[in-house]
$ cat run18.pdb   # PDB, N, CA and C atoms and all ligand atoms
ATOM      1  N   MET O   1     -32.273 -19.087 -39.993
ATOM      2  CA  MET O   1     -31.589 -17.798 -40.045
ATOM      3  C   MET O   1     -31.311 -17.457 -41.506
ATOM      4  N   ALA O   2     -31.394 -16.188 -41.824
ATOM      5  CA  ALA O   2     -31.116 -15.745 -43.193
ATOM      6  C   ALA O   2     -30.616 -14.311 -43.128
ATOM      7  N   TRP O   3     -29.724 -13.984 -44.043
ATOM      8  CA  TRP O   3     -29.197 -12.621 -44.074
ATOM      9  C   TRP O   3     -30.188 -11.686 -44.753
ATOM     10  N   VAL O   4     -30.405 -10.534 -44.117
ATOM     11  CA  VAL O   4     -31.365  -9.553 -44.613
ATOM     12  C   VAL O   4     -30.716  -8.172 -44.558
ATOM     13  N   LYS O   5     -30.834  -7.412 -45.636
ATOM     14  CA  LYS O   5     -30.366  -6.015 -45.620
ATOM     15  C   LYS O   5     -31.387  -5.181 -44.866
ATOM     16  N   VAL O   6     -30.910  -4.411 -43.868
ATOM     17  CA  VAL O   6     -31.861  -3.664 -43.043
ATOM     18  C   VAL O   6     -31.707  -2.155 -43.137
ATOM     19  N   ALA O   7     -30.538  -1.687 -43.574
ATOM     20  CA  ALA O   7     -30.335  -0.234 -43.630
ATOM     21  C   ALA O   7     -29.047   0.056 -44.390
ATOM     22  N   ARG O   8     -28.871   1.308 -44.746
ATOM     23  CA  ARG O   8     -27.579   1.779 -45.223
ATOM     24  C   ARG O   8     -26.796   2.310 -44.016
ATOM     25  N   VAL O   9     -25.486   2.238 -44.087
ATOM     26  CA  VAL O   9     -24.653   2.696 -42.975
ATOM     27  C   VAL O   9     -24.933   4.165 -42.661
ATOM     28  N   ASP O  10     -25.146   4.972 -43.695
ATOM     29  CA  ASP O  10     -25.366   6.403 -43.434
ATOM     30  C   ASP O  10     -26.720   6.690 -42.787
ATOM     31  N   GLU O  11     -27.565   5.684 -42.685
ATOM     32  CA  GLU O  11     -28.842   5.854 -41.984
ATOM     33  C   GLU O  11     -28.694   5.623 -40.480
ATOM     34  N   VAL O  12     -27.531   5.118 -40.062
ATOM     35  CA  VAL O  12     -27.265   4.866 -38.639
ATOM     36  C   VAL O  12     -25.940   5.553 -38.294
ATOM     37  N   PRO O  13     -25.968   6.858 -38.052
ATOM     38  CA  PRO O  13     -24.727   7.590 -37.785
ATOM     39  C   PRO O  13     -24.005   7.062 -36.536
ATOM     40  N   LEU O  14     -22.710   7.262 -36.480
ATOM     41  CA  LEU O  14     -21.917   6.855 -35.327
ATOM     42  C   LEU O  14     -22.530   7.434 -34.043
ATOM     43  N   GLY O  15     -22.708   6.562 -33.054
ATOM     44  CA  GLY O  15     -23.264   6.997 -31.776
ATOM     45  C   GLY O  15     -24.773   6.977 -31.732
ATOM     46  N   ARG O  16     -25.388   6.530 -32.801
ATOM     47  CA  ARG O  16     -26.854   6.512 -32.862
ATOM     48  C   ARG O  16     -27.359   5.089 -32.997
ATOM     49  N   MET O  17     -28.661   4.933 -32.902
ATOM     50  CA  MET O  17     -29.308   3.625 -33.082
ATOM     51  C   MET O  17     -30.632   3.847 -33.791
ATOM     52  N   VAL O  18     -31.056   2.820 -34.504
ATOM     53  CA  VAL O  18     -32.343   2.884 -35.189
ATOM     54  C   VAL O  18     -33.066   1.563 -34.977
ATOM     55  N   LYS O  19     -34.373   1.623 -35.086
ATOM     56  CA  LYS O  19     -35.186   0.408 -35.028
ATOM     57  C   LYS O  19     -35.531  -0.012 -36.442
ATOM     58  N   VAL O  20     -35.337  -1.301 -36.728
ATOM     59  CA  VAL O  20     -35.773  -1.868 -37.998
ATOM     60  C   VAL O  20     -36.712  -3.025 -37.687
ATOM     61  N   THR O  21     -37.509  -3.385 -38.651
ATOM     62  CA  THR O  21     -38.451  -4.482 -38.450
ATOM     63  C   THR O  21     -38.199  -5.545 -39.503
ATOM     64  N   VAL O  22     -37.991  -6.781 -39.040
ATOM     65  CA  VAL O  22     -37.776  -7.914 -39.934
ATOM     66  C   VAL O  22     -38.781  -8.996 -39.545
ATOM     67  N   ASP O  23     -39.637  -9.365 -40.483
ATOM     68  CA  ASP O  23     -40.645 -10.393 -40.207
ATOM     69  C   ASP O  23     -41.407 -10.099 -38.908
ATOM     70  N   GLU O  24     -41.805  -8.863 -38.735
ATOM     71  CA  GLU O  24     -42.601  -8.405 -37.594
ATOM     72  C   GLU O  24     -41.821  -8.361 -36.275
ATOM     73  N   ASP O  25     -40.516  -8.652 -36.327
ATOM     74  CA  ASP O  25     -39.693  -8.527 -35.123
ATOM     75  C   ASP O  25     -38.962  -7.189 -35.157
ATOM     76  N   ASP O  26     -39.071  -6.439 -34.069
ATOM     77  CA  ASP O  26     -38.365  -5.162 -33.964
ATOM     78  C   ASP O  26     -36.935  -5.406 -33.482
ATOM     79  N   ILE O  27     -35.987  -4.840 -34.220
ATOM     80  CA  ILE O  27     -34.562  -5.017 -33.942
ATOM     81  C   ILE O  27     -33.919  -3.645 -33.864
ATOM     82  N   ALA O  28     -33.064  -3.473 -32.850
ATOM     83  CA  ALA O  28     -32.315  -2.216 -32.712
ATOM     84  C   ALA O  28     -30.932  -2.410 -33.328
ATOM     85  N   VAL O  29     -30.529  -1.457 -34.166
ATOM     86  CA  VAL O  29     -29.212  -1.477 -34.799
ATOM     87  C   VAL O  29     -28.426  -0.303 -34.244
ATOM     88  N   TYR O  30     -27.239  -0.589 -33.704
ATOM     89  CA  TYR O  30     -26.417   0.409 -33.016
ATOM     90  C   TYR O  30     -25.119   0.631 -33.788
ATOM     91  N   HIS O  31     -24.712   1.878 -33.924
ATOM     92  CA  HIS O  31     -23.428   2.189 -34.543
ATOM     93  C   HIS O  31     -22.527   2.757 -33.456
ATOM     94  N   THR O  32     -21.539   1.962 -33.036
ATOM     95  CA  THR O  32     -20.643   2.372 -31.958
ATOM     96  C   THR O  32     -19.230   2.524 -32.489
ATOM     97  N   GLU O  33     -18.347   3.040 -31.648
ATOM     98  CA  GLU O  33     -16.927   3.154 -32.019
ATOM     99  C   GLU O  33     -16.328   1.779 -32.286
ATOM    100  N   GLU O  34     -16.922   0.734 -31.695
ATOM    101  CA  GLU O  34     -16.401  -0.629 -31.863
ATOM    102  C   GLU O  34     -17.044  -1.361 -33.031
ATOM    103  N   GLY O  35     -17.987  -0.721 -33.700
ATOM    104  CA  GLY O  35     -18.627  -1.343 -34.845
ATOM    105  C   GLY O  35     -20.135  -1.245 -34.766
ATOM    106  N   ILE O  36     -20.780  -1.991 -35.635
ATOM    107  CA  ILE O  36     -22.235  -1.990 -35.694
ATOM    108  C   ILE O  36     -22.739  -3.289 -35.078
ATOM    109  N   PHE O  37     -23.734  -3.161 -34.206
ATOM    110  CA  PHE O  37     -24.293  -4.308 -33.495
ATOM    111  C   PHE O  37     -25.815  -4.256 -33.607
ATOM    112  N   ALA O  38     -26.438  -5.417 -33.329
ATOM    113  CA  ALA O  38     -27.897  -5.486 -33.398
ATOM    114  C   ALA O  38     -28.418  -6.377 -32.288
ATOM    115  N   THR O  39     -29.494  -5.925 -31.665
ATOM    116  CA  THR O  39     -30.184  -6.725 -30.654
ATOM    117  C   THR O  39     -31.683  -6.618 -30.895
ATOM    118  N   SER O  40     -32.419  -7.495 -30.229
ATOM    119  CA  SER O  40     -33.857  -7.274 -30.179
ATOM    120  C   SER O  40     -34.093  -5.865 -29.659
ATOM    121  N   ASP O  41     -35.127  -5.208 -30.181
ATOM    122  CA  ASP O  41     -35.436  -3.851 -29.708
ATOM    123  C   ASP O  41     -36.233  -3.882 -28.409
ATOM    124  N   VAL O  42     -36.645  -5.067 -27.991
ATOM    125  CA  VAL O  42     -37.570  -5.175 -26.860
ATOM    126  C   VAL O  42     -36.794  -5.475 -25.573
ATOM    127  N   CYS O  43     -36.901  -4.591 -24.614
ATOM    128  CA  CYS O  43     -36.254  -4.783 -23.321
ATOM    129  C   CYS O  43     -36.780  -6.053 -22.666
ATOM    130  N   THR O  44     -35.882  -6.817 -22.008
ATOM    131  CA  THR O  44     -36.297  -8.070 -21.385
ATOM    132  C   THR O  44     -36.930  -7.873 -20.017
ATOM    133  N   HIS O  45     -36.939  -6.633 -19.510
ATOM    134  CA  HIS O  45     -37.573  -6.385 -18.214
ATOM    135  C   HIS O  45     -39.083  -6.221 -18.361
ATOM    136  N   ALA O  46     -39.494  -5.424 -19.300
ATOM    137  CA  ALA O  46     -40.902  -5.211 -19.587
ATOM    138  C   ALA O  46     -40.952  -4.704 -21.026
ATOM    139  N   THR O  47     -42.102  -4.296 -21.466
ATOM    140  CA  THR O  47     -42.213  -3.886 -22.861
ATOM    141  C   THR O  47     -41.742  -2.451 -23.025
ATOM    142  N   ALA O  48     -40.604  -2.303 -23.656
ATOM    143  CA  ALA O  48     -40.085  -0.975 -23.968
ATOM    144  C   ALA O  48     -39.145  -1.107 -25.152
ATOM    145  N   SER O  49     -39.059  -0.051 -25.946
ATOM    146  CA  SER O  49     -38.215  -0.031 -27.137
ATOM    147  C   SER O  49     -36.842   0.496 -26.778
ATOM    148  N   LEU O  50     -35.827  -0.383 -26.855
ATOM    149  CA  LEU O  50     -34.471   0.049 -26.495
ATOM    150  C   LEU O  50     -33.970   1.166 -27.390
ATOM    151  N   SER O  51     -34.369   1.141 -28.670
ATOM    152  CA  SER O  51     -33.889   2.180 -29.586
ATOM    153  C   SER O  51     -34.482   3.551 -29.265
ATOM    154  N   SER O  52     -35.451   3.589 -28.358
ATOM    155  CA  SER O  52     -35.989   4.873 -27.896
ATOM    156  C   SER O  52     -35.241   5.370 -26.662
ATOM    157  N   GLY O  53     -34.276   4.579 -26.212
ATOM    158  CA  GLY O  53     -33.507   4.959 -25.030
ATOM    159  C   GLY O  53     -32.275   5.748 -25.413
ATOM    160  N   LYS O  54     -31.182   5.493 -24.678
ATOM    161  CA  LYS O  54     -29.954   6.270 -24.862
ATOM    162  C   LYS O  54     -28.798   5.312 -25.108
ATOM    163  N   LEU O  55     -27.953   5.639 -26.077
ATOM    164  CA  LEU O  55     -26.767   4.839 -26.365
ATOM    165  C   LEU O  55     -25.537   5.610 -25.902
ATOM    166  N   ASP O  56     -24.760   4.980 -25.015
ATOM    167  CA  ASP O  56     -23.537   5.589 -24.502
ATOM    168  C   ASP O  56     -22.412   4.580 -24.716
ATOM    169  N   GLY O  57     -21.587   4.807 -25.712
ATOM    170  CA  GLY O  57     -20.572   3.805 -26.068
ATOM    171  C   GLY O  57     -21.273   2.553 -26.572
ATOM    172  N   CYS O  58     -21.026   1.435 -25.895
ATOM    173  CA  CYS O  58     -21.670   0.164 -26.277
ATOM    174  C   CYS O  58     -22.775  -0.218 -25.307
ATOM    175  N   ILE O  59     -23.220   0.735 -24.493
ATOM    176  CA  ILE O  59     -24.262   0.454 -23.504
ATOM    177  C   ILE O  59     -25.528   1.214 -23.875
ATOM    178  N   VAL O  60     -26.629   0.455 -23.980
ATOM    179  CA  VAL O  60     -27.918   1.098 -24.247
ATOM    180  C   VAL O  60     -28.723   1.110 -22.951
ATOM    181  N   THR O  61     -29.347   2.256 -22.697
ATOM    182  CA  THR O  61     -30.182   2.411 -21.511
ATOM    183  C   THR O  61     -31.642   2.405 -21.918
ATOM    184  N   CYS O  62     -32.397   1.529 -21.283
ATOM    185  CA  CYS O  62     -33.830   1.428 -21.571
ATOM    186  C   CYS O  62     -34.541   2.701 -21.112
ATOM    187  N   PRO O  63     -35.457   3.210 -21.930
ATOM    188  CA  PRO O  63     -36.127   4.458 -21.565
ATOM    189  C   PRO O  63     -37.160   4.303 -20.452
ATOM    190  N   LYS O  64     -37.544   3.047 -20.151
ATOM    191  CA  LYS O  64     -38.664   2.875 -19.210
ATOM    192  C   LYS O  64     -38.222   2.904 -17.742
ATOM    193  N   HIS O  65     -37.254   2.050 -17.386
ATOM    194  CA  HIS O  65     -36.820   1.985 -15.981
ATOM    195  C   HIS O  65     -35.315   2.144 -15.827
ATOM    196  N   GLY O  66     -34.621   2.446 -16.919
ATOM    197  CA  GLY O  66     -33.191   2.725 -16.811
ATOM    198  C   GLY O  66     -32.277   1.519 -16.793
ATOM    199  N   GLY O  67     -32.811   0.327 -17.052
ATOM    200  CA  GLY O  67     -31.949  -0.854 -17.162
ATOM    201  C   GLY O  67     -30.992  -0.692 -18.338
ATOM    202  N   LYS O  68     -29.855  -1.399 -18.270
ATOM    203  CA  LYS O  68     -28.835  -1.235 -19.314
ATOM    204  C   LYS O  68     -28.385  -2.575 -19.852
ATOM    205  N   PHE O  69     -28.034  -2.575 -21.148
ATOM    206  CA  PHE O  69     -27.520  -3.763 -21.821
ATOM    207  C   PHE O  69     -26.252  -3.386 -22.580
ATOM    208  N   ASP O  70     -25.334  -4.372 -22.661
ATOM    209  CA  ASP O  70     -24.167  -4.239 -23.519
ATOM    210  C   ASP O  70     -24.587  -4.691 -24.913
ATOM    211  N   VAL O  71     -24.561  -3.792 -25.886
ATOM    212  CA  VAL O  71     -25.075  -4.124 -27.221
ATOM    213  C   VAL O  71     -24.168  -5.116 -27.953
ATOM    214  N   ARG O  72     -22.908  -5.270 -27.482
ATOM    215  CA  ARG O  72     -21.997  -6.223 -28.120
ATOM    216  C   ARG O  72     -22.370  -7.661 -27.800
ATOM    217  N   THR O  73     -22.859  -7.889 -26.588
ATOM    218  CA  THR O  73     -23.141  -9.248 -26.126
ATOM    219  C   THR O  73     -24.599  -9.491 -25.803
ATOM    220  N   GLY O  74     -25.361  -8.427 -25.605
ATOM    221  CA  GLY O  74     -26.746  -8.553 -25.172
ATOM    222  C   GLY O  74     -26.879  -8.682 -23.661
ATOM    223  N   ALA O  75     -25.771  -8.741 -22.941
ATOM    224  CA  ALA O  75     -25.826  -8.947 -21.494
ATOM    225  C   ALA O  75     -26.498  -7.780 -20.787
ATOM    226  N   ALA O  76     -27.325  -8.122 -19.805
ATOM    227  CA  ALA O  76     -27.893  -7.106 -18.936
ATOM    228  C   ALA O  76     -26.805  -6.675 -17.966
ATOM    229  N   VAL O  77     -26.580  -5.368 -17.843
ATOM    230  CA  VAL O  77     -25.487  -4.893 -16.994
ATOM    231  C   VAL O  77     -25.973  -4.051 -15.821
ATOM    232  N   THR O  78     -27.259  -3.703 -15.802
ATOM    233  CA  THR O  78     -27.790  -2.899 -14.705
ATOM    234  C   THR O  78     -29.208  -3.347 -14.405
ATOM    235  N   LEU O  79     -29.515  -3.474 -13.094
ATOM    236  CA  LEU O  79     -30.887  -3.755 -12.692
ATOM    237  C   LEU O  79     -31.794  -2.605 -13.116
ATOM    238  N   PRO O  80     -33.057  -2.838 -13.379
ATOM    239  CA  PRO O  80     -33.801  -4.059 -13.073
ATOM    240  C   PRO O  80     -33.665  -5.150 -14.136
ATOM    241  N   CYS O  81     -32.830  -4.955 -15.150
ATOM    242  CA  CYS O  81     -32.689  -5.975 -16.186
ATOM    243  C   CYS O  81     -31.745  -7.074 -15.688
ATOM    244  N   VAL O  82     -32.169  -8.314 -15.833
ATOM    245  CA  VAL O  82     -31.324  -9.447 -15.453
ATOM    246  C   VAL O  82     -31.157 -10.436 -16.600
ATOM    247  N   PHE O  83     -32.113 -10.471 -17.502
ATOM    248  CA  PHE O  83     -32.031 -11.403 -18.622
ATOM    249  C   PHE O  83     -31.420 -10.712 -19.835
ATOM    250  N   PRO O  84     -30.537 -11.404 -20.579
ATOM    251  CA  PRO O  84     -29.927 -10.780 -21.755
ATOM    252  C   PRO O  84     -30.948 -10.531 -22.857
ATOM    253  N   VAL O  85     -30.615  -9.614 -23.727
ATOM    254  CA  VAL O  85     -31.428  -9.344 -24.894
ATOM    255  C   VAL O  85     -30.793 -10.099 -26.069
ATOM    256  N   GLU O  86     -31.627 -10.621 -26.954
ATOM    257  CA  GLU O  86     -31.121 -11.414 -28.086
ATOM    258  C   GLU O  86     -30.259 -10.540 -29.001
ATOM    259  N   THR O  87     -29.166 -11.113 -29.467
ATOM    260  CA  THR O  87     -28.300 -10.400 -30.408
ATOM    261  C   THR O  87     -28.360 -11.073 -31.780
ATOM    262  N   PHE O  88     -27.944 -10.331 -32.790
ATOM    263  CA  PHE O  88     -27.953 -10.843 -34.165
ATOM    264  C   PHE O  88     -26.608 -10.537 -34.829
ATOM    265  N   PRO O  89     -26.072 -11.504 -35.581
ATOM    266  CA  PRO O  89     -24.843 -11.236 -36.330
ATOM    267  C   PRO O  89     -25.053 -10.106 -37.342
ATOM    268  N   VAL O  90     -24.012  -9.275 -37.481
ATOM    269  CA  VAL O  90     -24.060  -8.119 -38.374
ATOM    270  C   VAL O  90     -22.921  -8.214 -39.382
ATOM    271  N   GLU O  91     -23.197  -7.871 -40.618
ATOM    272  CA  GLU O  91     -22.155  -7.688 -41.623
ATOM    273  C   GLU O  91     -22.396  -6.367 -42.324
ATOM    274  N   VAL O  92     -21.299  -5.626 -42.546
ATOM    275  CA  VAL O  92     -21.377  -4.425 -43.366
ATOM    276  C   VAL O  92     -20.848  -4.799 -44.738
ATOM    277  N   ARG O  93     -21.712  -4.698 -45.729
ATOM    278  CA  ARG O  93     -21.357  -5.040 -47.107
ATOM    279  C   ARG O  93     -21.413  -3.754 -47.920
ATOM    280  N   GLY O  94     -20.233  -3.188 -48.182
ATOM    281  CA  GLY O  94     -20.212  -1.891 -48.849
ATOM    282  C   GLY O  94     -20.830  -0.863 -47.928
ATOM    283  N   ASP O  95     -21.884  -0.190 -48.379
ATOM    284  CA  ASP O  95     -22.543   0.801 -47.520
ATOM    285  C   ASP O  95     -23.859   0.260 -46.964
ATOM    286  N   GLU O  96     -23.988  -1.067 -46.932
ATOM    287  CA  GLU O  96     -25.228  -1.681 -46.464
ATOM    288  C   GLU O  96     -25.002  -2.480 -45.183
ATOM    289  N   ILE O  97     -26.001  -2.455 -44.306
ATOM    290  CA  ILE O  97     -25.972  -3.236 -43.067
ATOM    291  C   ILE O  97     -26.883  -4.453 -43.254
ATOM    292  N   TRP O  98     -26.294  -5.628 -43.054
ATOM    293  CA  TRP O  98     -27.028  -6.878 -43.168
ATOM    294  C   TRP O  98     -27.040  -7.580 -41.810
ATOM    295  N   LEU O  99     -28.175  -8.189 -41.492
ATOM    296  CA  LEU O  99     -28.319  -8.961 -40.254
ATOM    297  C   LEU O  99     -28.673 -10.396 -40.590
ATOM    298  N   ASP O 100     -28.171 -11.318 -39.760
ATOM    299  CA  ASP O 100     -28.577 -12.721 -39.864
ATOM    300  C   ASP O 100     -29.680 -12.939 -38.840
ATOM    301  N   VAL O 101     -30.901 -12.987 -39.326
ATOM    302  CA  VAL O 101     -32.059 -13.064 -38.416
ATOM    303  C   VAL O 101     -32.877 -14.323 -38.665
TER     304      VAL O 101
HETATM  305  S1  LIG O 201     -38.740  -2.021 -19.378
HETATM  306 FE1  LIG O 201     -36.613  -1.764 -19.722
HETATM  307  S2  LIG O 201     -35.780  -1.456 -17.727
HETATM  308 FE2  LIG O 201     -37.896  -1.845 -17.384
END

$ encode --input "run18.pdb" --output "structure tokens" --more "lines below"
Ligand code: FES
Amino acid sequence: MAWVKVARVDEVPLGRMVKVTVDEDDIAVYHTEEGIFATSDVCTHATASLSSGKLDGCIVTCPKHGGKFDVRTGAAVTLPCVFPVETFPVEVRGDEIWLDV
């Protein structure tokens, strides 16, 4: 694991999410009222980009079949998703977002 700067805070407005790529792995970065979180961008149900879905509070909805994950924990909260999505530690350093990946 190593800390990597992935974005500036102003590139991920509150209530939005963006996809970043670190070492060929796609990661979704979410800016919620509870803070900034990061998970794998790949839905665990099938191949779909979570950052292309919808973020409602701390819950992201997959655009493919509507499965949902809690971005704080990675837990699957709605079928058809049952397996959690990987999460990554986040630090905000000044106006920069860093992930431990
Ligand atoms: S691919 Fe995400 S819910 Fe099916």

$ resolve_selection --input "run18.pdb" --expression "the PyMOL selection byres (((not hetatm)) within 6.5 of (chain O and resi 201))" --output "PDB file with N, CA and C atoms, in the frame of the given file"
ATOM      1  N   CYS O  43     -36.901  -4.591 -24.614  1.00  0.00           N
ATOM      2  CA  CYS O  43     -36.254  -4.783 -23.321  1.00  0.00           C
ATOM      3  C   CYS O  43     -36.780  -6.053 -22.666  1.00  0.00           C
ATOM      4  N   THR O  44     -35.882  -6.817 -22.008  1.00  0.00           N
ATOM      5  CA  THR O  44     -36.297  -8.070 -21.385  1.00  0.00           C
ATOM      6  C   THR O  44     -36.930  -7.873 -20.017  1.00  0.00           C
ATOM      7  N   HIS O  45     -36.939  -6.633 -19.510  1.00  0.00           N
ATOM      8  CA  HIS O  45     -37.573  -6.385 -18.214  1.00  0.00           C
ATOM      9  C   HIS O  45     -39.083  -6.221 -18.361  1.00  0.00           C
ATOM     10  N   ALA O  46     -39.494  -5.424 -19.300  1.00  0.00           N
ATOM     11  CA  ALA O  46     -40.902  -5.211 -19.587  1.00  0.00           C
ATOM     12  C   ALA O  46     -40.952  -4.704 -21.026  1.00  0.00           C
ATOM     13  N   THR O  47     -42.102  -4.296 -21.466  1.00  0.00           N
ATOM     14  CA  THR O  47     -42.213  -3.886 -22.861  1.00  0.00           C
ATOM     15  C   THR O  47     -41.742  -2.451 -23.025  1.00  0.00           C
ATOM     16  N   ALA O  48     -40.604  -2.303 -23.656  1.00  0.00           N
ATOM     17  CA  ALA O  48     -40.085  -0.975 -23.968  1.00  0.00           C
ATOM     18  C   ALA O  48     -39.145  -1.107 -25.152  1.00  0.00           C
ATOM     19  N   CYS O  62     -32.397   1.529 -21.283  1.00  0.00           N
ATOM     20  CA  CYS O  62     -33.830   1.428 -21.571  1.00  0.00           C
ATOM     21  C   CYS O  62     -34.541   2.701 -21.112  1.00  0.00           C
ATOM     22  N   PRO O  63     -35.457   3.210 -21.930  1.00  0.00           N
ATOM     23  CA  PRO O  63     -36.127   4.458 -21.565  1.00  0.00           C
ATOM     24  C   PRO O  63     -37.160   4.303 -20.452  1.00  0.00           C
ATOM     25  N   LYS O  64     -37.544   3.047 -20.151  1.00  0.00           N
ATOM     26  CA  LYS O  64     -38.664   2.875 -19.210  1.00  0.00           C
ATOM     27  C   LYS O  64     -38.222   2.904 -17.742  1.00  0.00           C
ATOM     28  N   HIS O  65     -37.254   2.050 -17.386  1.00  0.00           N
ATOM     29  CA  HIS O  65     -36.820   1.985 -15.981  1.00  0.00           C
ATOM     30  C   HIS O  65     -35.315   2.144 -15.827  1.00  0.00           C
ATOM     31  N   GLY O  66     -34.621   2.446 -16.919  1.00  0.00           N
ATOM     32  CA  GLY O  66     -33.191   2.725 -16.811  1.00  0.00           C
ATOM     33  C   GLY O  66     -32.277   1.519 -16.793  1.00  0.00           C
ATOM     34  N   GLY O  67     -32.811   0.327 -17.052  1.00  0.00           N
ATOM     35  CA  GLY O  67     -31.949  -0.854 -17.162  1.00  0.00           C
ATOM     36  C   GLY O  67     -30.992  -0.692 -18.338  1.00  0.00           C
ATOM     37  N   LYS O  68     -29.855  -1.399 -18.270  1.00  0.00           N
ATOM     38  CA  LYS O  68     -28.835  -1.235 -19.314  1.00  0.00           C
ATOM     39  C   LYS O  68     -28.385  -2.575 -19.852  1.00  0.00           C
ATOM     40  N   LEU O  79     -29.515  -3.474 -13.094  1.00  0.00           N
ATOM     41  CA  LEU O  79     -30.887  -3.755 -12.692  1.00  0.00           C
ATOM     42  C   LEU O  79     -31.794  -2.605 -13.116  1.00  0.00           C
ATOM     43  N   PRO O  80     -33.057  -2.838 -13.379  1.00  0.00           N
ATOM     44  CA  PRO O  80     -33.801  -4.059 -13.073  1.00  0.00           C
ATOM     45  C   PRO O  80     -33.665  -5.150 -14.136  1.00  0.00           C
ATOM     46  N   CYS O  81     -32.830  -4.955 -15.150  1.00  0.00           N
ATOM     47  CA  CYS O  81     -32.689  -5.975 -16.186  1.00  0.00           C
ATOM     48  C   CYS O  81     -31.745  -7.074 -15.688  1.00  0.00           C
TER      49      CYS O  81
END

$ residues_around --input "run18.pdb" --residues "Val6 in chain O" --least-positions-apart "5" --cutoff "10 Å" --atoms "only C-alpha atoms" --output "tab-separated table (two decimals) with N, CA and C atoms, in the frame of the given file"
chain	number	residue	atom	x	y	z
O	19	LYS	N	-34.37	1.62	-35.09
O	19	LYS	CA	-35.19	0.41	-35.03
O	19	LYS	C	-35.53	-0.01	-36.44
O	20	VAL	N	-35.34	-1.30	-36.73
O	20	VAL	CA	-35.77	-1.87	-38.00
O	20	VAL	C	-36.71	-3.02	-37.69
O	21	THR	N	-37.51	-3.38	-38.65
O	21	THR	CA	-38.45	-4.48	-38.45
O	21	THR	C	-38.20	-5.54	-39.50
O	22	VAL	N	-37.99	-6.78	-39.04
O	22	VAL	CA	-37.78	-7.91	-39.93
O	22	VAL	C	-38.78	-9.00	-39.54
O	27	ILE	N	-35.99	-4.84	-34.22
O	27	ILE	CA	-34.56	-5.02	-33.94
O	27	ILE	C	-33.92	-3.64	-33.86
O	29	VAL	N	-30.53	-1.46	-34.17
O	29	VAL	CA	-29.21	-1.48	-34.80
O	29	VAL	C	-28.43	-0.30	-34.24
O	96	GLU	N	-23.99	-1.07	-46.93
O	96	GLU	CA	-25.23	-1.68	-46.46
O	96	GLU	C	-25.00	-2.48	-45.18
O	97	ILE	N	-26.00	-2.46	-44.31
O	97	ILE	CA	-25.97	-3.24	-43.07
O	97	ILE	C	-26.88	-4.45	-43.25
O	98	TRP	N	-26.29	-5.63	-43.05
O	98	TRP	CA	-27.03	-6.88	-43.17
O	98	TRP	C	-27.04	-7.58	-41.81
O	99	LEU	N	-28.18	-8.19	-41.49
O	99	LEU	CA	-28.32	-8.96	-40.25
O	99	LEU	C	-28.67	-10.40	-40.59

$ closest_residue --input "run18.pdb" --among "O:Arg72, O:Ile36, O:Thr78, O:Ser52" --to "Val90 in chain O" --atoms "only N, CA and C atoms"
O:Ile36

$ select_by_dssp --input "run18.pdb" --residues "chain O" --states "strand (DSSP E)" --output "MDAnalysis selection string"
chainID O and resid 3:8 17:22 25:32 35:40 54:56 59:61 68:70 76:78 87:88 90:93 96:100

$ residues_around --input "run18.pdb" --residues "Val77 in chain O" --least-positions-apart "5" --cutoff "9 Å" --atoms "only C-alpha atoms" --output "JSON, numbers by chain"
{"O": [59, 67, 68, 69, 70, 82, 84]}

$ write_last_selection --input "run18.pdb" --atoms "N, CA and C atoms" --output "PDB file, keeping the file's coordinate frame"
ATOM      1  N   ILE O  59     -23.220   0.735 -24.493  1.00  0.00           N
ATOM      2  CA  ILE O  59     -24.262   0.454 -23.504  1.00  0.00           C
ATOM      3  C   ILE O  59     -25.528   1.214 -23.875  1.00  0.00           C
ATOM      4  N   GLY O  67     -32.811   0.327 -17.052  1.00  0.00           N
ATOM      5  CA  GLY O  67     -31.949  -0.854 -17.162  1.00  0.00           C
ATOM      6  C   GLY O  67     -30.992  -0.692 -18.338  1.00  0.00           C
ATOM      7  N   LYS O  68     -29.855  -1.399 -18.270  1.00  0.00           N
ATOM      8  CA  LYS O  68     -28.835  -1.235 -19.314  1.00  0.00           C
ATOM      9  C   LYS O  68     -28.385  -2.575 -19.852  1.00  0.00           C
ATOM     10  N   PHE O  69     -28.034  -2.575 -21.148  1.00  0.00           N
ATOM     11  CA  PHE O  69     -27.520  -3.763 -21.821  1.00  0.00           C
ATOM     12  C   PHE O  69     -26.252  -3.386 -22.580  1.00  0.00           C
ATOM     13  N   ASP O  70     -25.334  -4.372 -22.661  1.00  0.00           N
ATOM     14  CA  ASP O  70     -24.167  -4.239 -23.519  1.00  0.00           C
ATOM     15  C   ASP O  70     -24.587  -4.691 -24.913  1.00  0.00           C
ATOM     16  N   VAL O  82     -32.169  -8.314 -15.833  1.00  0.00           N
ATOM     17  CA  VAL O  82     -31.324  -9.447 -15.453  1.00  0.00           C
ATOM     18  C   VAL O  82     -31.157 -10.436 -16.600  1.00  0.00           C
ATOM     19  N   PRO O  84     -30.537 -11.404 -20.579  1.00  0.00           N
ATOM     20  CA  PRO O  84     -29.927 -10.780 -21.755  1.00  0.00           C
ATOM     21  C   PRO O  84     -30.948 -10.531 -22.857  1.00  0.00           C
TER      22      PRO O  84
END

$ closest_residue --input "run18.pdb" --among "O:Val92, O:Met17, O:Val85, O:Val4" --to "Thr32 in chain O" --atoms "all atoms listed in the file"
O:Met17

$ axis_aligned_box --input "run18.pdb" --around "range 5-22 of chain O" --padding-each-side "8 Å" --output "AutoDock Vina command-line options"
--center_x -30.3 --center_y -0.7 --center_z -38.7 --size_x 32.9 --size_y 32.6 --size_z 29.9

$ atom_distance --input "run18.pdb" --atom1 "CA of Arg93 in chain O" --atom2 "CA of Lys54 in chain O"
26.4 Å

$ atom_distance --input "run18.pdb" --atom1 "CA of Lys5 in chain O" --atom2 "atom C of Cys58 in chain O"
22.4 Å

$ atom_distance --input "run18.pdb" --atom1 "atom N of Thr39 in chain O" --atom2 "atom N of Ala2 in chain O"
14.6 Å

$ select_by_dssp --input "run18.pdb" --residues "chain O" --states "helix (DSSP H, G or I)" --output "PyMOL selection string"
chain O and resi 9-11+50-52

$ resolve_selection --input "run18.pdb" --expression "the PyMOL selection byres (((chain O and resi 9) around 6.5) and not hetatm)" --output "VMD selection string"
chain O and resid 7 to 8 10 to 13 95 to 97
